[in-house]
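K.L.:
Let me give you the structure first, and then I'll get to my questions.
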Amino acid sequence: MRAAIVEAPGKVSVTTVPDPSPGPREVVVSVASCGLCGTDLHILQGEFAPTLPIVPGHEFAGEIVGVGSHVTELAVGDKVAVDPSLHCHECRYCRSGRGNLCDRWAAIGVTVPGGAAEFAVAPVANCVRLPDHVDVRDAALIEPLSCAVRGYDVLTSTLGARVLVYGSGTMGLMMLELAKRTGAAGVDVLDVNPDRLATASLLGCSRSAANADELDTPGGWDVVIDATGNARAIQDGLGRVAKGGTFLQFGVADYATTAVIEPYRIYNQEITITGSMAVLHSYERAAALFATGVLDPAVFISDRLPLEQYPQAIDQFAAGVGRKIVVQP
């Protein structure tokens, strides 16, 4: 089969690799689409993935074409979206229900071969069957949506909150869509990219701007979400949180990124600073939301490229051109 391979830091190609075979409790998925995200850039830079080479791709969906000998829940021909999370189920975090913090954290497309290929193997427990009306070519959006759902689990937002989102890429736009549905009184979006800001406006944000100073919000915002991972955005966002408010670090920053906090202000104004790591008990809910039409794939997916163009696709993503980019074998 054909697959993208991150061979070494900064080096990615598309080549032929052996077809995968399922284990007793695994299935083989014929990949219909595979999304690119910030984690893929970190892998290309030599971070996250413990060893290279690796077939990337943790946002994917497709049709089952092979099942292991002990699989009874799914059958050949079923359309599925795949939760990439691989937890050990043994460490203290897994035993306490916090598998996304697993001491032996692993993921399809990060530590084992992923969906940037014609076929991918996944545990049957990680596969969510999709209803007939869902186009499997759009269902690569379910994994990032499940991360956004997890973010809102962490926030436990109250009704009527004033929300500020930094970044109107795929994840920022998903946080916008969920904020609108969780009772926010207003959702403002910041981005230096005017094309992306236009999409936020199309999706119904309250206000959009390149800088928070352009938005008159006395006292700040109740919820501030960074969906960029950019040091300047993070630093600015920390100073925009209202008294009693919450700052959510949602964007994936480089390991070396730092920000300055003011301990007295956090104490005196009872500000919460928290983070959200990947997927946790949120994948099935995201699939159910997706099936209801919570996202418009025509808006979110800006580019569909053939698998053979994976190197060009990741270069485009790194340049910040477009929104969600998917490759299709």
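A note on labels: chains of the structure tokens are A, B, ... as shown, every chain counts residues from 1, and ligands are counted from 1 in their shown order.
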Compile the contact shell of A:Gly97 as a ChimeraX atom specification: residues with an atom at most 9 Å away, counting only C-alpha atoms, same-chain residues fewer than 6 positions apart removed.

P.N.:
/A:89,280-281

K.L.:
Do a neighbour search on A:His87 at 8 Å with only C-alpha atoms, toss out local chain neighbours closer than 2 positions, and write the hits as a list in words.

P.N.:
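Non-adjacent residues within range: Ser85, His89, Cys94, Gly99, Asn100, Cys102, Arg104, Trp105 and Ala106 of chain A.
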
K.L.:
Any chance you can output those residues with N, CA and C atoms as a JSON list (two decimals), in the first residue's frame?

P.N.:
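Contents of the output file selection_18.json:
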```json
[["chain", "number", "residue", "atom", "x", "y", "z"],
["A", 85, "SER", "N", -6.53, 7.27, 20.40],
["A", 85, "SER", "CA", -5.95, 7.14, 21.73],
["A", 85, "SER", "C", -5.62, 5.69, 22.07],
["A", 89, "HIS", "N", -4.12, 1.45, 30.45],
["A", 89, "HIS", "CA", -5.15, 0.94, 31.36],
["A", 89, "HIS", "C", -4.56, 0.38, 32.66],
["A", 94, "CYS", "N", -4.71, 6.10, 34.23],
["A", 94, "CYS", "CA", -5.72, 5.28, 33.56],
["A", 94, "CYS", "C", -6.70, 4.71, 34.58],
["A", 99, "GLY", "N", -7.16, 8.66, 31.25],
["A", 99, "GLY", "CA", -6.30, 7.99, 30.28],
["A", 99, "GLY", "C", -5.54, 8.92, 29.36],
["A", 100, "ASN", "N", -6.06, 10.12, 29.13],
["A", 100, "ASN", "CA", -5.32, 11.05, 28.27],
["A", 100, "ASN", "C", -4.01, 11.51, 28.91],
["A", 102, "CYS", "N", -2.10, 9.27, 30.51],
["A", 102, "CYS", "CA", -1.44, 7.97, 30.70],
["A", 102, "CYS", "C", 0.08, 8.09, 30.73],
["A", 104, "ARG", "N", 2.07, 5.89, 29.89],
["A", 104, "ARG", "CA", 2.60, 5.23, 28.69],
["A", 104, "ARG", "C", 1.80, 5.68, 27.47],
["A", 105, "TRP", "N", 1.41, 6.95, 27.47],
["A", 105, "TRP", "CA", 0.54, 7.50, 26.43],
["A", 105, "TRP", "C", 1.06, 7.16, 25.03],
["A", 106, "ALA", "N", 0.13, 6.72, 24.21],
["A", 106, "ALA", "CA", 0.46, 6.37, 22.83],
["A", 106, "ALA", "C", -0.75, 6.70, 21.96]]
```

K.L.:
List the spatial neighbours of A:Arg129 as a list in words - criterion: any atom at most 8 Å away, only C-alpha atoms, same-chain residues fewer than 4 positions off excluded.

P.N.:
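Answer for this query is Leu74, Asp78, Lys79, Val80 and Ala81 of chain A.
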
K.L.:
Compile the contact shell of A:Gly275 as a VMD selection string: residues with an atom at most 8 Å away, counting only C-alpha atoms, same-chain residues fewer than 6 positions apart removed.

P.N.:
chain A and resid 151 154 248 to 250

K.L.:
Write the residues of the preceding selection, restricted to C-alpha atoms, as a compact mmCIF listing (two decimals), in the first residue's frame.

P.N.:
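Just written: out.txt:
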```
# COMPACT_ATOMS: atom_id res chain seq x y z
CA GLY A 151 -11.86 21.31 26.13
CA VAL A 154 -12.55 21.08 31.28
CA LEU A 248 -7.82 27.51 28.71
CA GLN A 249 -4.58 26.52 26.99
CA PHE A 250 -5.97 24.54 24.08
```

K.L.:
Per residue of stretch 87-196 of chain A within 8 Å of stretch 62-72 of chain A, what are the shortest atom pair and its distance in Å to one decimal, counting only C-alpha atoms, with rows by chain and residue number, as JSON lines?

P.N.:
```
{"residue": "A:Val124", "atom": "CA", "partner": "A:Val71", "partner_atom": "CA", "distance": 7.0}
{"residue": "A:Val136", "atom": "CA", "partner": "A:Gly62", "partner_atom": "CA", "distance": 5.9}
{"residue": "A:Arg137", "atom": "CA", "partner": "A:Gly62", "partner_atom": "CA", "distance": 7.4}
```

K.L.:
Okay, now the selection with N, CA and C atoms, as a PDB file, in the first residue's frame?

P.N.:
```pdb
ATOM      1  N   VAL A 124     -10.657  -2.563  17.697  1.00  0.00           N
ATOM      2  CA  VAL A 124     -12.092  -2.443  17.468  1.00  0.00           C
ATOM      3  C   VAL A 124     -12.721  -1.503  18.484  1.00  0.00           C
ATOM      4  N   VAL A 136     -18.252   9.634   4.882  1.00  0.00           N
ATOM      5  CA  VAL A 136     -17.030   9.220   5.572  1.00  0.00           C
ATOM      6  C   VAL A 136     -15.832  10.073   5.164  1.00  0.00           C
ATOM      7  N   ARG A 137     -15.920  10.725   4.014  1.00  0.00           N
ATOM      8  CA  ARG A 137     -14.830  11.607   3.589  1.00  0.00           C
ATOM      9  C   ARG A 137     -14.763  12.880   4.420  1.00  0.00           C
TER      10      ARG A 137
END
```

K.L.:
Rounded to one decimal, what separation in Å do you get between atom CA of A:Thr16 and atom CA of A:Ile142?

P.N.:
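These atoms are spaced 27.6 Å apart.
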
K.L.:
A:Leu307, A:Ala313, A:Ala233, A:Ala242: which is nearest A:Thr258, counting only C-alpha atoms?

P.N.:
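Smallest distance to A:Thr258 is found for A:Ala233.
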
K.L.:
Could you give me, as a PyMOL selection string, the residues within 7 Å of stretch 198-212 of chain A, counting only C-alpha atoms and dropping anything in the same chain fewer than 5 positions from it?

P.N.:
chain A and resi 168+173+176+186-192

K.L.:
Could you check which of A:Arg240, A:Arg150, A:Lys180, A:Arg304 is closest to A:Tyr166, using only C-alpha atoms?

P.N.:
A:Arg240

K.L.:
Pick out each residue of stretch 12-174 of chain A that DSSP on the backbone tags as alpha helix (DSSP H); I need them as a PyMOL selection string.

P.N.:
chain A and resi 38-44+92-95+142-155+170-174

K.L.:
Only C-alpha atoms, please: the residues just picked out, written as a PDB file, in the first residue's frame.

P.N.:
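again.pdb was written with the following content:
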```pdb
ATOM      1  CA  GLY A  38      -0.473  20.789  14.615  1.00  0.00           C
ATOM      2  CA  THR A  39       0.603  17.486  16.115  1.00  0.00           C
ATOM      3  CA  ASP A  40       1.701  16.349  12.655  1.00  0.00           C
ATOM      4  CA  LEU A  41       3.971  19.392  12.429  1.00  0.00           C
ATOM      5  CA  HIS A  42       5.502  18.553  15.810  1.00  0.00           C
ATOM      6  CA  ILE A  43       6.129  14.989  14.622  1.00  0.00           C
ATOM      7  CA  LEU A  44       7.792  16.322  11.480  1.00  0.00           C
ATOM      8  CA  ARG A  92      -2.574   5.475  38.144  1.00  0.00           C
ATOM      9  CA  TYR A  93      -3.995   7.949  35.616  1.00  0.00           C
ATOM     10  CA  CYS A  94      -5.716   5.278  33.557  1.00  0.00           C
ATOM     11  CA  ARG A  95      -7.066   3.635  36.703  1.00  0.00           C
ATOM     12  CA  ILE A 142     -14.592  13.984  14.313  1.00  0.00           C
ATOM     13  CA  GLU A 143     -11.223  13.558  16.037  1.00  0.00           C
ATOM     14  CA  PRO A 144     -10.451  17.290  16.329  1.00  0.00           C
ATOM     15  CA  LEU A 145     -14.079  17.872  17.346  1.00  0.00           C
ATOM     16  CA  SER A 146     -13.607  15.328  20.143  1.00  0.00           C
ATOM     17  CA  CYS A 147     -10.622  17.357  21.377  1.00  0.00           C
ATOM     18  CA  ALA A 148     -12.808  20.486  21.391  1.00  0.00           C
ATOM     19  CA  VAL A 149     -15.504  18.624  23.331  1.00  0.00           C
ATOM     20  CA  ARG A 150     -12.855  17.653  25.886  1.00  0.00           C
ATOM     21  CA  GLY A 151     -11.865  21.315  26.125  1.00  0.00           C
ATOM     22  CA  TYR A 152     -15.405  22.246  27.064  1.00  0.00           C
ATOM     23  CA  ASP A 153     -15.520  19.421  29.578  1.00  0.00           C
ATOM     24  CA  VAL A 154     -12.552  21.082  31.280  1.00  0.00           C
ATOM     25  CA  LEU A 155     -14.105  24.545  31.112  1.00  0.00           C
ATOM     26  CA  THR A 170      -9.878  24.586  12.553  1.00  0.00           C
ATOM     27  CA  MET A 171      -9.680  24.277  16.329  1.00  0.00           C
ATOM     28  CA  GLY A 172     -10.552  27.895  17.045  1.00  0.00           C
ATOM     29  CA  LEU A 173     -13.584  27.612  14.790  1.00  0.00           C
ATOM     30  CA  MET A 174     -14.666  24.421  16.539  1.00  0.00           C
TER      31      MET A 174
END
```

K.L.:
Would you please work out which residue, of A:Gln328, A:Gly167, A:Ala140, A:Gly160, is nearest to A:Leu295 when using only C-alpha atoms?

P.N.:
A:Ala140

K.L.:
How far is it from atom CA of A:Ala278 to atom CA of A:Gly183, in Å with one decimal?

P.N.:
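Interatomic distance, atom CA of A:Ala278 to atom CA of A:Gly183: 23.1 Å.
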
K.L.:
Find, counting only C-alpha atoms, the residue in A:Val163, A:Ala125, A:Leu52, A:Val134 that gets nearest to A:Thr111.

P.N.:
A:Leu52

K.L.:
Calculate how many Å separate atom CA of A:Ser302 from atom CA of A:Asp135, rounding to one decimal.

P.N.:
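Straight-line distance from atom CA of A:Ser302 to atom CA of A:Asp135 works out to 16.0 Å.
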
K.L.:
Using only C-alpha atoms, which residues sit within 9 Å of stretch 5-10 of chain A once same-chain residues fewer than 4 positions away are excluded, as an NGL selection string?

P.N.:
:A and (14-15 or 43-47 or 52-56 or 116)

K.L.:
Could you write out the selected residues, including C-alpha atoms, as a PDB file, in the first residue's frame?

P.N.:
```pdb
ATOM      1  CA  VAL A  14       5.127   8.945   0.210  1.00  0.00           C
ATOM      2  CA  THR A  15       6.234   5.391  -0.443  1.00  0.00           C
ATOM      3  CA  ILE A  43       6.129  14.989  14.622  1.00  0.00           C
ATOM      4  CA  LEU A  44       7.792  16.322  11.480  1.00  0.00           C
ATOM      5  CA  GLN A  45       9.970  18.523  13.686  1.00  0.00           C
ATOM      6  CA  GLY A  46      11.091  15.464  15.656  1.00  0.00           C
ATOM      7  CA  GLU A  47       8.840  16.004  18.685  1.00  0.00           C
ATOM      8  CA  LEU A  52      10.995   7.663  13.561  1.00  0.00           C
ATOM      9  CA  PRO A  53      10.167   6.641  10.900  1.00  0.00           C
ATOM     10  CA  ILE A  54       6.398   6.725  11.462  1.00  0.00           C
ATOM     11  CA  VAL A  55       3.269   6.812   9.313  1.00  0.00           C
ATOM     12  CA  PRO A  56       1.484   9.927  10.627  1.00  0.00           C
ATOM     13  CA  ALA A 116      -1.968   8.892   6.225  1.00  0.00           C
TER      14      ALA A 116
END
```

K.L.:
Using only C-alpha atoms, which residue out of A:Ile108, A:Asp132, A:Val31, A:Val82 lies closest to A:Ala291?

P.N.:
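Of A:Ile108, A:Asp132, A:Val31, A:Val82, the one nearest A:Ala291 is A:Asp132, counting only C-alpha atoms.
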